[in-house]
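Here is model07.tsv, consisting of TSV, C-alpha atoms:
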chain	number	residue	atom	x	y	z
R	28	MET	CA	15.74	11.24	6.78
R	29	LYS	CA	14.53	9.42	3.67
R	30	ARG	CA	15.84	6.15	5.15
R	31	GLN	CA	13.98	6.94	8.39
R	32	ILE	CA	10.75	7.61	6.52
R	33	LEU	CA	11.11	4.37	4.53
R	34	THR	CA	11.81	2.44	7.74
R	35	ILE	CA	8.68	3.86	9.36
R	36	ALA	CA	6.59	3.10	6.26
R	37	LEU	CA	7.82	-0.49	6.14
R	38	ALA	CA	7.13	-0.90	9.85
R	39	LEU	CA	3.55	0.31	9.33
R	40	ILE	CA	3.13	-2.11	6.44
R	41	ALA	CA	4.40	-4.98	8.56
R	42	LEU	CA	2.07	-3.98	11.39
R	43	ALA	CA	-0.93	-3.93	9.07
R	44	ILE	CA	-0.03	-7.31	7.65
R	45	THR	CA	0.32	-8.81	11.12
R	46	ALA	CA	-2.91	-7.25	12.32
R	47	HIS	CA	-4.86	-8.76	9.43
R	48	ASN	CA	-3.67	-12.30	10.01
R	49	ALA	CA	-0.59	-13.68	11.69
R	50	PHE	CA	-0.34	-16.60	9.28
R	51	GLY	CA	-0.44	-14.69	5.99
R	52	GLN	CA	-3.82	-16.00	4.87
R	53	THR	CA	-5.03	-12.58	3.76
R	54	MET	CA	-6.00	-10.75	0.61
R	55	LEU	CA	-3.21	-8.89	-1.11
R	56	ASP	CA	-3.32	-5.14	-0.47
R	57	ILE	CA	-1.65	-4.18	-3.74
R	58	LYS	CA	-1.08	-0.54	-2.79
R	59	ARG	CA	0.72	-1.46	0.43
R	60	TYR	CA	2.65	-4.17	-1.37
R	61	ALA	CA	3.90	-1.64	-3.93
R	62	GLU	CA	5.05	0.63	-1.11
R	63	ILE	CA	7.58	-2.02	-0.07
R	64	PHE	CA	9.37	-1.34	-3.35
R	65	GLY	CA	9.32	2.43	-2.87
R	66	PHE	CA	6.22	3.27	-4.90
R	67	GLU	CA	3.97	5.85	-3.22
R	68	ASP	CA	0.26	6.69	-3.56
R	69	GLY	CA	-0.31	3.81	-5.95
R	70	LYS	CA	1.91	5.39	-8.63
R	71	ILE	CA	4.12	2.92	-10.45
R	72	ARG	CA	7.21	4.25	-12.23
R	73	ALA	CA	7.82	2.36	-15.45
R	74	SER	CA	11.48	3.39	-15.24
R	75	SER	CA	11.95	1.50	-11.96
R	76	PRO	CA	14.91	-0.89	-12.03
R	77	TYR	CA	12.61	-3.58	-10.64
R	78	ILE	CA	10.44	-3.34	-13.75
R	79	ARG	CA	13.35	-2.97	-16.14
R	80	SER	CA	14.96	-6.13	-14.76
R	81	SER	CA	11.88	-8.27	-15.39
R	82	GLN	CA	11.49	-11.06	-17.92
R	83	PRO	CA	10.47	-9.28	-21.18
R	84	ASP	CA	7.82	-11.73	-22.38
R	85	ILE	CA	6.10	-11.82	-18.97
R	86	ASN	CA	6.33	-8.03	-18.78
R	87	ARG	CA	4.55	-7.66	-22.11
R	88	GLU	CA	1.82	-10.10	-21.09
R	89	ILE	CA	1.10	-8.44	-17.74
R	90	ALA	CA	1.27	-4.91	-19.18
R	91	LYS	CA	-1.94	-5.66	-21.11
R	92	VAL	CA	-4.06	-5.98	-17.97
R	93	SER	CA	-4.78	-2.26	-17.52
R	94	GLY	CA	-5.52	-1.73	-21.21
R	95	ARG	CA	-2.39	0.35	-21.64
R	96	ASP	CA	-0.20	-2.43	-22.95
R	97	TYR	CA	3.04	-0.48	-23.32
R	98	SER	CA	4.19	-0.53	-19.67
R	99	ILE	CA	3.63	-1.75	-16.12
R	100	ASP	CA	1.69	1.16	-14.63
R	101	THR	CA	-0.71	-0.06	-11.94
R	102	PRO	CA	-0.11	-1.63	-8.50
R	103	LEU	CA	-1.87	-4.82	-9.64
R	104	GLU	CA	0.34	-5.15	-12.71
R	105	PHE	CA	3.43	-4.56	-10.60
R	106	ALA	CA	2.37	-7.15	-8.01
R	107	LEU	CA	1.90	-9.70	-10.79
R	108	LEU	CA	5.22	-8.79	-12.40
R	109	SER	CA	7.12	-8.89	-9.11
R	110	TYR	CA	6.20	-12.54	-8.61
R	111	TYR	CA	6.00	-13.92	-12.13
R	112	GLY	CA	8.53	-11.72	-13.94
R	113	ASN	CA	11.75	-12.80	-12.19
R	114	ILE	CA	12.58	-9.25	-11.17
R	115	ARG	CA	15.90	-8.49	-9.53
R	116	ILE	CA	15.73	-7.46	-5.86
R	117	ASP	CA	19.12	-6.54	-4.39
R	118	ASP	CA	17.81	-5.12	-1.11
R	119	ASP	CA	17.46	-7.98	1.39
R	120	THR	CA	14.91	-6.08	3.48
R	121	VAL	CA	12.67	-5.49	0.46
R	122	LYS	CA	13.10	-9.10	-0.62
R	123	ALA	CA	12.15	-10.42	2.82
R	124	LYS	CA	9.07	-8.24	3.15
R	125	ALA	CA	7.88	-9.08	-0.35
R	126	ASP	CA	8.43	-12.80	0.23
R	127	ALA	CA	6.47	-12.63	3.50
R	128	ILE	CA	3.44	-11.54	1.46
R	129	LEU	CA	3.97	-13.50	-1.77
R	130	PRO	CA	6.12	-16.44	-0.64
R	131	GLN	CA	8.35	-18.04	-3.24
R	132	ASN	CA	8.28	-21.30	-1.26
R	133	ASN	CA	4.48	-21.39	-1.22
R	134	PRO	CA	3.38	-20.88	-4.83
R	135	LYS	CA	-0.16	-22.04	-4.07
R	136	LEU	CA	-0.70	-19.28	-1.51
R	137	ALA	CA	0.96	-16.68	-3.74
R	138	ASP	CA	-1.21	-17.70	-6.70
R	139	GLN	CA	-4.31	-17.57	-4.51
R	140	LYS	CA	-3.45	-14.06	-3.35
R	141	LEU	CA	-2.62	-12.73	-6.80
R	142	GLY	CA	-5.57	-14.56	-8.36
R	143	ALA	CA	-7.91	-13.14	-5.72
R	144	ALA	CA	-6.60	-9.61	-6.42
R	145	VAL	CA	-7.39	-10.12	-10.11
R	146	PHE	CA	-10.78	-11.64	-9.32
R	147	GLN	CA	-11.55	-8.65	-7.08
R	148	GLU	CA	-11.13	-6.41	-10.12
R	149	ILE	CA	-13.23	-8.74	-12.27
R	150	GLN	CA	-16.10	-8.50	-9.79
R	151	ILE	CA	-16.25	-4.71	-10.09
R	152	LEU	CA	-15.52	-4.55	-13.81
R	153	ARG	CA	-18.43	-6.89	-14.50
R	154	PHE	CA	-20.70	-4.66	-12.45
R	155	LEU	CA	-19.44	-1.64	-14.39
R	156	GLU	CA	-20.09	-3.58	-17.62
R	157	ASP	CA	-16.55	-3.04	-18.91
R	158	THR	CA	-16.39	-6.21	-20.98
R	159	ALA	CA	-13.01	-5.44	-22.54
R	160	ALA	CA	-11.39	-4.98	-19.13
R	161	VAL	CA	-13.08	-8.15	-17.86
R	162	SER	CA	-11.57	-10.10	-20.76
R	163	ARG	CA	-8.07	-8.77	-20.05
R	164	HIS	CA	-8.33	-9.70	-16.38
R	165	GLU	CA	-9.79	-13.11	-17.19
R	166	ALA	CA	-6.78	-13.74	-19.44
R	167	ILE	CA	-4.30	-13.03	-16.66
R	168	LEU	CA	-6.36	-15.11	-14.21
R	169	LYS	CA	-6.11	-18.01	-16.66
R	170	PHE	CA	-2.34	-17.42	-16.79
R	171	ILE	CA	-2.31	-17.90	-13.00
R	172	THR	CA	-4.50	-21.00	-12.91
R	173	ASP	CA	-2.56	-22.56	-15.80
R	174	ARG	CA	0.39	-22.78	-13.38
R	175	LYS	CA	-1.64	-25.56	-11.69
R	176	ASN	CA	-0.98	-24.35	-8.14
R	177	ALA	CA	-4.50	-23.06	-7.49
R	178	THR	CA	-7.79	-23.66	-9.25
R	179	ARG	CA	-10.29	-20.98	-10.19
R	180	GLN	CA	-12.62	-22.28	-7.47
R	181	GLU	CA	-9.87	-22.10	-4.84
R	182	ILE	CA	-9.06	-18.54	-5.85
R	183	GLU	CA	-12.68	-17.44	-5.68
R	184	THR	CA	-13.08	-19.11	-2.29
R	185	PHE	CA	-9.91	-17.39	-1.05
R	186	TYR	CA	-11.35	-14.07	-2.21
R	187	ARG	CA	-14.68	-14.57	-0.44
R	188	ASP	CA	-13.00	-15.74	2.75
R	189	ASN	CA	-10.62	-12.79	2.96
R	190	VAL	CA	-12.07	-9.72	1.24
R	191	ARG	CA	-13.81	-8.61	4.44
R	192	ALA	CA	-10.46	-8.24	6.23
R	193	LEU	CA	-8.98	-6.34	3.27
R	194	ILE	CA	-11.85	-3.84	3.27
R	195	ALA	CA	-11.70	-3.47	7.06
R	196	GLY	CA	-8.00	-2.64	6.81
R	197	VAL	CA	-8.52	-0.04	4.08
R	198	VAL	CA	-11.40	1.61	5.97
R	199	ASP	CA	-9.46	1.64	9.24
R	200	GLU	CA	-6.49	3.26	7.52
R	201	GLU	CA	-8.43	6.02	5.79
R	202	PHE	CA	-10.88	6.76	8.60
R	203	ASN	CA	-8.07	7.09	11.16
R	204	LYS	CA	-6.30	9.98	9.48
R	205	VAL	CA	-7.00	13.55	8.50
R	206	SER	CA	-5.29	16.10	6.28
R	207	VAL	CA	-4.16	19.24	8.08
R	208	ARG	CA	-3.24	22.58	6.59
R	209	ILE	CA	-0.90	24.40	8.95
R	210	ASP	CA	1.30	27.41	8.30
R	211	TYR	CA	3.69	26.65	5.43
R	212	HIS	CA	3.10	22.89	5.72
R	213	ASN	CA	0.83	20.28	4.23
R	214	ALA	CA	0.40	17.68	6.96
R	215	THR	CA	-1.33	14.38	7.66
R	216	LEU	CA	-2.31	13.27	11.14
R	217	ILE	CA	-2.67	9.50	11.64
R	218	ARG	CA	-4.11	7.70	14.66
R	219	ASN	CA	-3.32	4.07	15.43
R	220	PRO	CA	-6.61	2.66	16.79
R	221	GLN	CA	-4.84	-0.30	18.44
R	222	THR	CA	-2.21	1.66	20.39
R	223	GLY	CA	-3.58	5.20	20.55
R	224	GLN	CA	-0.37	6.43	18.96
R	225	TYR	CA	-0.47	9.57	16.78
R	226	THR	CA	1.84	10.37	13.88
R	227	LEU	CA	2.15	13.76	12.18
R	228	SER	CA	3.92	13.86	8.82
R	229	TYR	CA	4.45	17.28	7.30
R	230	GLY	CA	6.50	19.21	4.79
R	231	GLY	CA	6.54	22.47	2.90
R	232	VAL	CA	8.47	25.66	2.32
R	233	ASN	CA	10.02	25.76	5.79
R	234	THR	CA	11.33	22.19	5.53
R	235	ASN	CA	12.71	22.64	2.00
R	236	HIS	CA	9.86	20.30	0.99
R	237	GLU	CA	11.40	17.49	3.04
R	238	THR	CA	8.86	15.27	4.78
R	239	ARG	CA	9.29	15.24	8.55
R	240	ILE	CA	7.59	12.88	10.99
R	241	ILE	CA	6.65	13.21	14.66
R	242	THR	CA	5.26	10.22	16.52
R	243	ALA	CA	3.93	10.15	20.08
R	244	ASN	CA	1.97	7.77	22.27
R	245	SER	CA	-1.00	10.11	22.64
R	246	LEU	CA	-2.42	13.27	21.13
R	247	ASP	CA	-1.36	15.32	24.16
R	248	ALA	CA	2.17	13.97	23.87
R	249	LEU	CA	2.22	14.82	20.15
R	250	LEU	CA	1.11	18.39	20.81
R	251	ALA	CA	3.75	18.73	23.53
R	252	GLU	CA	6.41	17.47	21.13
R	253	MET	CA	5.32	20.04	18.55
R	254	GLN	CA	5.64	22.76	21.18
R	255	ASN	CA	8.83	21.70	22.93
R	256	GLY	CA	10.56	19.05	20.80
R	257	LYS	CA	13.54	19.28	18.49
R	258	ASN	CA	11.35	20.48	15.60
R	259	LYS	CA	9.50	23.11	17.63
R	260	ASN	CA	10.68	25.88	15.31
R	261	ASP	CA	8.61	24.30	12.54
R	262	PHE	CA	5.36	25.24	14.32
R	263	THR	CA	3.49	28.23	15.66
R	264	SER	CA	1.00	28.12	18.52
R	265	ASN	CA	-1.73	28.41	15.89
R	266	ASP	CA	-0.37	25.27	14.17
R	267	ILE	CA	-0.63	23.31	17.42
R	268	ASN	CA	-4.21	24.47	17.95
R	269	THR	CA	-5.07	23.51	14.37
R	270	VAL	CA	-3.71	19.98	14.78
R	271	LYS	CA	-5.63	19.60	18.05
R	272	ALA	CA	-8.86	20.75	16.39
R	273	GLN	CA	-8.38	18.49	13.37
R	274	ALA	CA	-7.61	15.49	15.58
R	275	ALA	CA	-11.14	15.76	16.97
R	276	LEU	CA	-12.46	15.35	13.41
R	277	ILE	CA	-10.71	12.08	12.62
R	278	PRO	CA	-13.73	10.05	11.44
R	279	ALA	CA	-12.96	6.94	13.49
R	280	VAL	CA	-12.65	9.11	16.61
R	281	VAL	CA	-16.01	10.76	15.97
R	282	TYR	CA	-17.72	7.45	15.20
R	283	ASP	CA	-16.25	5.86	18.32
R	284	LYS	CA	-17.74	8.70	20.35
R	285	TRP	CA	-21.15	8.41	18.67
R	286	LYS	CA	-21.11	4.64	19.16
R	287	TYR	CA	-20.47	5.16	22.88
R	288	GLU	CA	-23.39	7.60	22.96
R	289	GLY	CA	-25.68	5.00	21.38
R	290	SER	CA	-26.00	6.48	17.88
R	291	GLY	CA	-24.83	3.35	16.07
R	292	ASP	CA	-21.52	2.03	14.81
R	293	GLY	CA	-20.55	4.06	11.75
R	294	MET	CA	-17.23	2.31	11.23
R	295	ALA	CA	-18.77	-1.16	11.30
R	296	LEU	CA	-21.52	-0.07	8.91
R	297	VAL	CA	-19.05	1.32	6.35
R	298	LYS	CA	-17.14	-1.97	6.43
R	299	GLU	CA	-20.32	-4.05	6.22
R	300	THR	CA	-21.67	-2.02	3.31
R	301	LEU	CA	-18.51	-2.20	1.22
R	302	THR	CA	-18.01	-5.89	2.00
R	303	ASN	CA	-21.57	-6.68	0.91
R	304	PHE	CA	-20.95	-4.90	-2.38
R	305	TYR	CA	-17.64	-6.65	-3.03
R	306	LEU	CA	-19.14	-10.04	-2.25
R	307	ASN	CA	-22.25	-9.47	-4.34
R	308	PRO	CA	-22.01	-6.46	-6.68
R	309	ASN	CA	-25.51	-5.46	-7.75
R	310	ASP	CA	-27.54	-2.29	-7.84
R	311	ASN	CA	-28.87	-2.70	-4.30
R	312	THR	CA	-25.47	-3.22	-2.68
R	313	TYR	CA	-24.05	-0.46	-4.88
R	314	LEU	CA	-26.74	2.02	-3.79
R	315	ALA	CA	-26.05	1.26	-0.14
R	316	ALA	CA	-22.39	2.10	-0.71
R	317	PHE	CA	-23.25	5.13	-2.81
R	318	GLY	CA	-25.80	6.27	-0.21
R	319	ILE	CA	-23.08	6.83	2.39
R	320	ARG	CA	-21.37	9.25	0.04
R	321	LEU	CA	-24.66	10.91	-0.89
R	322	ARG	CA	-25.51	11.52	2.77
R	323	TYR	CA	-22.14	13.18	3.37
R	324	ARG	CA	-22.76	15.33	0.29
R	325	ALA	CA	-26.19	16.32	1.60
R	326	LEU	CA	-24.65	17.63	4.82
R	327	LEU	CA	-22.24	19.73	2.78
R	328	ASP	CA	-24.86	21.02	0.33
R	329	THR	CA	-26.41	23.46	2.77
R	330	GLY	CA	-26.70	26.38	0.38
R	331	LEU	CA	-24.83	28.49	2.91
R	332	THR	CA	-21.31	29.87	2.88
R	333	LYS	CA	-18.32	27.57	3.19
R	334	LYS	CA	-17.86	28.38	6.86
R	335	ASP	CA	-21.37	27.09	7.58
R	336	LYS	CA	-20.83	23.68	6.01
R	337	ASP	CA	-20.59	20.60	8.19
R	338	ILE	CA	-16.88	20.32	8.93
R	339	PHE	CA	-17.00	16.65	9.88
R	340	ALA	CA	-18.96	15.58	6.79
R	341	GLU	CA	-16.23	17.14	4.66
R	342	VAL	CA	-13.50	15.15	6.43
R	343	ALA	CA	-15.54	11.91	6.43
R	344	LEU	CA	-16.35	12.29	2.73
R	345	ASN	CA	-12.66	12.65	1.96
R	346	SER	CA	-11.87	9.50	3.98
R	347	TYR	CA	-14.66	7.58	2.25
R	348	ASN	CA	-13.54	8.71	-1.22
R	349	ASN	CA	-9.98	7.65	-0.41
R	350	ALA	CA	-11.13	4.23	0.80
R	351	ILE	CA	-13.22	3.67	-2.35
R	352	GLY	CA	-10.39	4.92	-4.57
R	353	ASN	CA	-7.89	2.60	-2.90
R	354	LEU	CA	-10.20	-0.32	-3.64
R	355	ASN	CA	-11.16	0.69	-7.19
R	356	LEU	CA	-10.78	4.05	-8.95
R	357	ALA	CA	-13.39	3.20	-11.57
R	358	LEU	CA	-15.96	2.64	-8.83
R	359	LEU	CA	-15.14	6.04	-7.35
R	360	ASP	CA	-15.68	7.59	-10.79
R	361	LYS	CA	-19.10	5.90	-10.98
R	362	PHE	CA	-20.01	7.36	-7.59
R	363	ARG	CA	-19.00	10.82	-8.74
R	364	ASN	CA	-21.02	10.53	-11.94
R	365	GLU	CA	-24.13	8.97	-10.37
R	366	ASN	CA	-27.12	11.22	-11.15
R	367	ARG	CA	-30.18	9.17	-10.20
R	368	PHE	CA	-30.66	10.90	-6.86
R	369	SER	CA	-30.45	14.42	-5.53
R	370	VAL	CA	-29.03	15.24	-2.12
R	371	ALA	CA	-32.59	15.99	-1.04
R	372	GLU	CA	-33.31	12.27	-1.43
R	373	ALA	CA	-30.24	11.19	0.55
R	374	ARG	CA	-32.11	9.80	3.56
R	375	ARG	CA	-33.75	7.09	1.49
R	376	VAL	CA	-30.57	5.85	-0.21
R	377	PRO	CA	-30.64	3.23	1.15
R	378	ASN	CA	-33.97	3.21	2.95
R	379	ASP	CA	-32.45	1.89	6.17
R	380	THR	CA	-32.48	3.86	9.42
R	381	ARG	CA	-29.04	2.54	10.38
R	382	TYR	CA	-27.59	4.79	7.70
R	383	ASN	CA	-28.95	7.89	9.40
R	384	ILE	CA	-25.65	8.08	11.26
R	385	PHE	CA	-24.11	9.32	8.01
R	386	SER	CA	-26.73	12.09	7.88
R	387	THR	CA	-25.98	13.23	11.44
R	388	PRO	CA	-24.65	16.80	11.70
R	389	TYR	CA	-21.42	17.17	13.64
R	390	ARG	CA	-21.88	18.12	17.27
Using the file provided, produce a representation of the structure as structure tokens.
Amino acid sequence: MKRQILTIALALIALAITAHNAFGQTMLDIKRYAEIFGFEDGKIRASSPYIRSSQPDINREIAKVSGRDYSIDTPLEFALLSYYGNIRIDDDTVKAKADAILPQNNPKLADQKLGAAVFQEIQILRFLEDTAAVSRHEAILKFITDRKNATRQEIETFYRDNVRALIAGVVDEEFNKVSVRIDYHNATLIRNPQTGQYTLSYGGVNTNHETRIITANSLDALLAEMQNGKNKNDFTSNDINTVKAQAALIPAVVYDKWKYEGSGDGMALVKETLTNFYLNPNDNTYLAAFGIRLRYRALLDTGLTKKDKDIFAEVALNSYNNAIGNLNLALLDKFRNENRFSVAEARRVPNDTRYNIFSTPYR
């Protein structure tokens, strides 16, 4: 089963890579890249044989990037180490998938991708005024440009040309899934917006905490598989109803419906807002990005009981937080600590009527 899960995960990674750009000219999604090597949820294990096999002096240099200079502990550090640290990869499938993203026979492209990932962090760290972190990242960027495969200007141009696609991919991923709590299982329901395929991954007491996966070509087919398939004993009729109800709250599904009804394109606006910030981090672009979160919070801060809160705003806020966190955890922390505005002022942050879609109660 673990092999099956890994196979599915690698297939999804390959699909995402292909969807972004068939020729590999894309930003490096460091979280997805780390998943090729078996790391999950952006958590890097310093005890990994990949890390332990790396060149010691390069390992020490890259380990300084995060500010915790004793080990490789972030997806960015691992991505850098995997290419520059001469790590040992015995699995041919892993090696092929990693090389498809950071090609050994195209050091210019690999340096552009890794340099752009570092520059992406620099952009946000400068905005956050973390000068020490900026210096550490500038040092590793110089390490990359000193290889003479890509200049600083080429790396920055690569970043600006490709960051939009990276953000679109992250938003699409997070806004097309929803967490589901069903009897004895923690589950995640994922919708593929290109194919209409649905995937339910779940695990808990009744599965001996093993993760199980059901995939079907439509929501109806998925529900039928839950009811009549080989794993039908894992579910009650209430579980099936819960999954059906939660599927209707997948943010991309709701925004597609509202777009069709003429209420605006929420998905496009999230992508536009985050892209504008990443291309030009300043207080105005930051407040536009923060305003989306504030508007979700305003819908939840009703002063009523939990059952009266806007159920869609809660799901959408979780998706938005996950998207921000996948891009930069420090930025998510800034959002959470922002205290310049109350939820009562949400509709004027930003003062743009297009953003009213994020203040729309679920219907």
Practice problem: Give me, please, the distance in Å between CA of Thr215 (chain R) and CA of Gln273 (chain R), quoted to one decimal. | Solution: 10.0 Å
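Minimum atom-to-atom distance to Leu344 (chain R), evaluated using all atoms listed in the file, belongs to R:Pro278 out of R:Pro83, R:Gly231, R:Gly291, R:Pro278.
CA of Arg239 (chain R) is found 11.8 Å from CA of Met253 (chain R).
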Practice problem: May I have the residues within 12 Å of Thr300 (chain R) as an MDAnalysis selection string, using all atoms listed in the file and disregarding those fewer than 3 positions away in the same chain? | Solution: chainID R and resid 191 194:195 198 293:297 303:308 311:320 347 351 377 379 381:382
Practice problem: Would you please work out which residue, of R:Glu88, R:Asp56, R:Asp199, R:Glu237, is nearest to Ile277 (chain R) when using only C-alpha atoms? | Solution: R:Asp199
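Here CA of Arg153 (chain R) and CA of Gln180 (chain R) stand 17.9 Å from one another.
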Name the residues in contact with Ala160 (chain R) at a cut-off of 12 Å, using only C-alpha atoms, excluding same-chain residues fewer than 3 positions from it; report them as a PDB file with C-alpha atoms, keeping the file's coordinate frame.
ATOM      1  CA  LYS R  91      -1.940  -5.660 -21.110  1.00  0.00           C
ATOM      2  CA  VAL R  92      -4.060  -5.980 -17.970  1.00  0.00           C
ATOM      3  CA  SER R  93      -4.780  -2.260 -17.520  1.00  0.00           C
ATOM      4  CA  GLY R  94      -5.520  -1.730 -21.210  1.00  0.00           C
ATOM      5  CA  ARG R  95      -2.390   0.350 -21.640  1.00  0.00           C
ATOM      6  CA  VAL R 145      -7.390 -10.120 -10.110  1.00  0.00           C
ATOM      7  CA  PHE R 146     -10.780 -11.640  -9.320  1.00  0.00           C
ATOM      8  CA  GLU R 148     -11.130  -6.410 -10.120  1.00  0.00           C
ATOM      9  CA  ILE R 149     -13.230  -8.740 -12.270  1.00  0.00           C
ATOM     10  CA  GLN R 150     -16.100  -8.500  -9.790  1.00  0.00           C
ATOM     11  CA  ILE R 151     -16.250  -4.710 -10.090  1.00  0.00           C
ATOM     12  CA  LEU R 152     -15.520  -4.550 -13.810  1.00  0.00           C
ATOM     13  CA  ARG R 153     -18.430  -6.890 -14.500  1.00  0.00           C
ATOM     14  CA  PHE R 154     -20.700  -4.660 -12.450  1.00  0.00           C
ATOM     15  CA  LEU R 155     -19.440  -1.640 -14.390  1.00  0.00           C
ATOM     16  CA  GLU R 156     -20.090  -3.580 -17.620  1.00  0.00           C
ATOM     17  CA  ASP R 157     -16.550  -3.040 -18.910  1.00  0.00           C
ATOM     18  CA  ARG R 163      -8.070  -8.770 -20.050  1.00  0.00           C
ATOM     19  CA  HIS R 164      -8.330  -9.700 -16.380  1.00  0.00           C
ATOM     20  CA  GLU R 165      -9.790 -13.110 -17.190  1.00  0.00           C
ATOM     21  CA  ALA R 166      -6.780 -13.740 -19.440  1.00  0.00           C
ATOM     22  CA  ILE R 167      -4.300 -13.030 -16.660  1.00  0.00           C
ATOM     23  CA  ALA R 357     -13.390   3.200 -11.570  1.00  0.00           C
TER      24      ALA R 357
END
Practice problem: Can you work out which one of R:Ile85, R:Leu249, R:Ile71, R:Leu276 has the shortest atom-to-atom distance to Thr101 (chain R), counting all atoms listed in the file? | Solution: R:Ile71
Practice problem: Using all atoms listed in the file, determine which residues lie at most 12 Å from Ala272 (chain R), disregarding the query and same-chain residues fewer than 3 positions distant; provide the list as an NGL selection string. | Solution: :R and (205-209 or 216 or 246 or 250 or 265-269 or 275-277 or 338-339)
Just the selected residues (C-alpha atoms), exported as a PDB file, in the frame of the given file, please.
ATOM      1  CA  VAL R 205      -7.000  13.550   8.500  1.00  0.00           C
ATOM      2  CA  SER R 206      -5.290  16.100   6.280  1.00  0.00           C
ATOM      3  CA  VAL R 207      -4.160  19.240   8.080  1.00  0.00           C
ATOM      4  CA  ARG R 208      -3.240  22.580   6.590  1.00  0.00           C
ATOM      5  CA  ILE R 209      -0.900  24.400   8.950  1.00  0.00           C
ATOM      6  CA  LEU R 216      -2.310  13.270  11.140  1.00  0.00           C
ATOM      7  CA  LEU R 246      -2.420  13.270  21.130  1.00  0.00           C
ATOM      8  CA  LEU R 250       1.110  18.390  20.810  1.00  0.00           C
ATOM      9  CA  ASN R 265      -1.730  28.410  15.890  1.00  0.00           C
ATOM     10  CA  ASP R 266      -0.370  25.270  14.170  1.00  0.00           C
ATOM     11  CA  ILE R 267      -0.630  23.310  17.420  1.00  0.00           C
ATOM     12  CA  ASN R 268      -4.210  24.470  17.950  1.00  0.00           C
ATOM     13  CA  THR R 269      -5.070  23.510  14.370  1.00  0.00           C
ATOM     14  CA  ALA R 275     -11.140  15.760  16.970  1.00  0.00           C
ATOM     15  CA  LEU R 276     -12.460  15.350  13.410  1.00  0.00           C
ATOM     16  CA  ILE R 277     -10.710  12.080  12.620  1.00  0.00           C
ATOM     17  CA  ILE R 338     -16.880  20.320   8.930  1.00  0.00           C
ATOM     18  CA  PHE R 339     -17.000  16.650   9.880  1.00  0.00           C
TER      19      PHE R 339
END
Exercise. Go through R:Ile57, R:Val370, R:Asn364, R:Ala340 one by one, measure the shortest atom-to-atom distance of each to Ile384 (chain R) using only C-alpha atoms, and give the residue with the smallest value.
Key: R:Ala340
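Considering all atoms listed in the file, the residue among R:Phe105, R:Tyr60, R:Tyr225, R:Phe170 positioned nearest to Arg79 (chain R) is R:Phe105.
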